[in-house]
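J.: Structure incoming, see below.
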Amino acid sequence: MTLRERTAALARPALVVVGGLAALGLALVALGALAPALPLLGLAGRWHVLTLGGWGAAAGLALAAGLAGLARGGRRSSARLAGRAGRRVTAGLAALALIASSVLASALATTASFAAAQGATVSAFGFASGGPSLSAAPDASQVYLVDDDGRELRVDVYLPGSAAPREPLPAVVVVHGGGWMLHDRTRQSDSLRRLADSGLVVLAIDYTLATRNRPTWNIAGDQVACALVWTAEHADRYGVDARRIVLAGSSAGGGLALTTGYRAAAGTATSACGGAVPVPAGVAGAVPVVDPAGFHANPDPFMSRYSRTMTERYLGGAPGEHPDRIAATTTLTHLAADAPPTLLLTVEHDHLVPADGARELAAAALALGVPVERVEVPFADHGVLVPSTGVGASIWRAALLRFALDVDPVG
């Protein structure tokens, strides 16, 4: 045996082992994508299908081809692993990688088809058109409120990139997520820029975050209401049609947006900066926390501790200790027949924020005659809006743009 043949014979087992482990990992992700209720596997599968996009399926195909090549090459080798049994194992791993990549490709194709039906443009590899993800700078950044700790809360304003419009435009005030305790207004700035360039004025706001010693259940909502007041007062400055302001958010921010919008319509919203809180023309929430008690009771064995920590910091304790705070922060408490039109984006199986709360809210709103549109993204999880170039974020932008442009002006 030549040196080259001996080297190949030694390298082949290592390649098979590495390739086999990769094939098994990919198969587990594919299994989780098909069965999201499986502990951990469902979480891994649903979080990664849209995040990986078509690259996951392409990597699986390349892995299958590589393992198949190793299986064929073993026929000419006398190495132990290259025996008949070894070739069969390698060929089986190649088939497993092929099946897994096919599952991922099928899941992504289903979601991409759904995205196209929503008016979103997605590339063959599962990413939105319009270039790579970037940290986009706003056109203006202003202080809208100073909180009780002396911290400046800012609003970033993203204006359409085209020439100045002849008439005022609809606006979307965006409340960021993060379980009431993480992130800030710059979260997903690339998506905000893309949304603005589609023909809206987008305003992203900060609010006071909850800490171990400072619950914000009675603070954050009033700050969101203040941001609505600020937006209406500065409408002329930024070319906003004050009658067509949509209040939107994701995750915990989605719950704040929906609750504040419903309270404004009911006349019970209070602003941290004073002034009459304008009724938004519409409210929108992506994977929103509309039921803090249900969020706290999340049964997922791996994500429930995050749900509990976030809820208890927001409320200042467990839900059972503060029924009055639960009532005040549960969106359904404030729902009435005169609530603004509502857009909800959900996923089939949300491992962090159980989707039952949003589904129950949608059903209750429809029963009262409130216009509701619910968009449920297939093969997605709570991170559906990440990355900003992905299928989920593209679907959300398309749905939110359509909603903001179609909603009737207030008054």
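Residue numbering restarts at 1 for every chain of the structure tokens, chains are lettered A, B, ... in their displayed order, and ligands are numbered from 1 as they appear.
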List the neighbours of Leu21 of chain A out to 12 Å using only C-alpha atoms; skip same-chain residues closer than 6 positions along the sequence, and give me the result as an MDAnalysis selection string.
T.: chainID A and resid 14:15 27:28 63 67 90 93:94 96:97
J.: As a list in words, please: the residues near Cys226 of chain A (cut-off 6 Å, only C-alpha atoms, same-chain neighbours under 2 positions excluded).
T.: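 Answer for this query is Gln223, Val224, Leu228, Val229, Ser271, Ala272 and Cys273 of chain A.
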J.: Find the residues around Gly294 of chain A up to 9 Å (only C-alpha atoms counted), leave out those fewer than 5 positions away in its own chain, and share them as a PyMOL selection string.
T.: chain A and resi 289+353-354+356-357
J.: Please determine, counting only C-alpha atoms, which residue among A:Gly177, A:Pro280, A:Pro292, A:Pro301 has the shortest atom-to-atom distance to Asp408 of chain A.
T.: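 Ranked by minimum distance to Asp408 of chain A, first place goes to A:Pro280.
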J.: Which residue, A:Asp206, A:Glu348, A:Asp406, A:Asp149, has the smallest gap to Arg187 of chain A when you use only C-alpha atoms?
T.: A:Asp206
J.: Which residues of segment 116-215 of chain A have any atom within 10 Å of an atom in segment 391-399 of chain A when counting only C-alpha atoms, and what is the closest pair of atoms for each, with the distance in Å to one decimal? Order the rows by chain and rising number and write it as JSON lines.
T.:
```
{"residue": "A:Ala116", "atom": "CA", "partner": "A:Ile395", "partner_atom": "CA", "distance": 8.4}
{"residue": "A:Ala117", "atom": "CA", "partner": "A:Ile395", "partner_atom": "CA", "distance": 9.3}
{"residue": "A:Gln118", "atom": "CA", "partner": "A:Ile395", "partner_atom": "CA", "distance": 6.4}
{"residue": "A:Gly119", "atom": "CA", "partner": "A:Ala398", "partner_atom": "CA", "distance": 6.0}
{"residue": "A:Ala120", "atom": "CA", "partner": "A:Ala398", "partner_atom": "CA", "distance": 5.5}
{"residue": "A:Thr121", "atom": "CA", "partner": "A:Ser394", "partner_atom": "CA", "distance": 7.2}
{"residue": "A:Val122", "atom": "CA", "partner": "A:Val391", "partner_atom": "CA", "distance": 6.5}
{"residue": "A:Ser123", "atom": "CA", "partner": "A:Val391", "partner_atom": "CA", "distance": 8.9}
{"residue": "A:Phe125", "atom": "CA", "partner": "A:Val391", "partner_atom": "CA", "distance": 9.5}
{"residue": "A:Gly126", "atom": "CA", "partner": "A:Val391", "partner_atom": "CA", "distance": 5.8}
{"residue": "A:Phe127", "atom": "CA", "partner": "A:Val391", "partner_atom": "CA", "distance": 5.7}
{"residue": "A:Ala128", "atom": "CA", "partner": "A:Ser394", "partner_atom": "CA", "distance": 5.9}
{"residue": "A:Ser129", "atom": "CA", "partner": "A:Ser394", "partner_atom": "CA", "distance": 8.7}
{"residue": "A:Gln188", "atom": "CA", "partner": "A:Ala393", "partner_atom": "CA", "distance": 9.5}
{"residue": "A:Ser191", "atom": "CA", "partner": "A:Ala393", "partner_atom": "CA", "distance": 7.4}
{"residue": "A:Leu192", "atom": "CA", "partner": "A:Arg397", "partner_atom": "CA", "distance": 8.7}
{"residue": "A:Arg194", "atom": "CA", "partner": "A:Arg397", "partner_atom": "CA", "distance": 8.2}
{"residue": "A:Leu195", "atom": "CA", "partner": "A:Arg397", "partner_atom": "CA", "distance": 6.2}
{"residue": "A:Ala196", "atom": "CA", "partner": "A:Arg397", "partner_atom": "CA", "distance": 9.8}
{"residue": "A:Ser198", "atom": "CA", "partner": "A:Arg397", "partner_atom": "CA", "distance": 9.1}
```
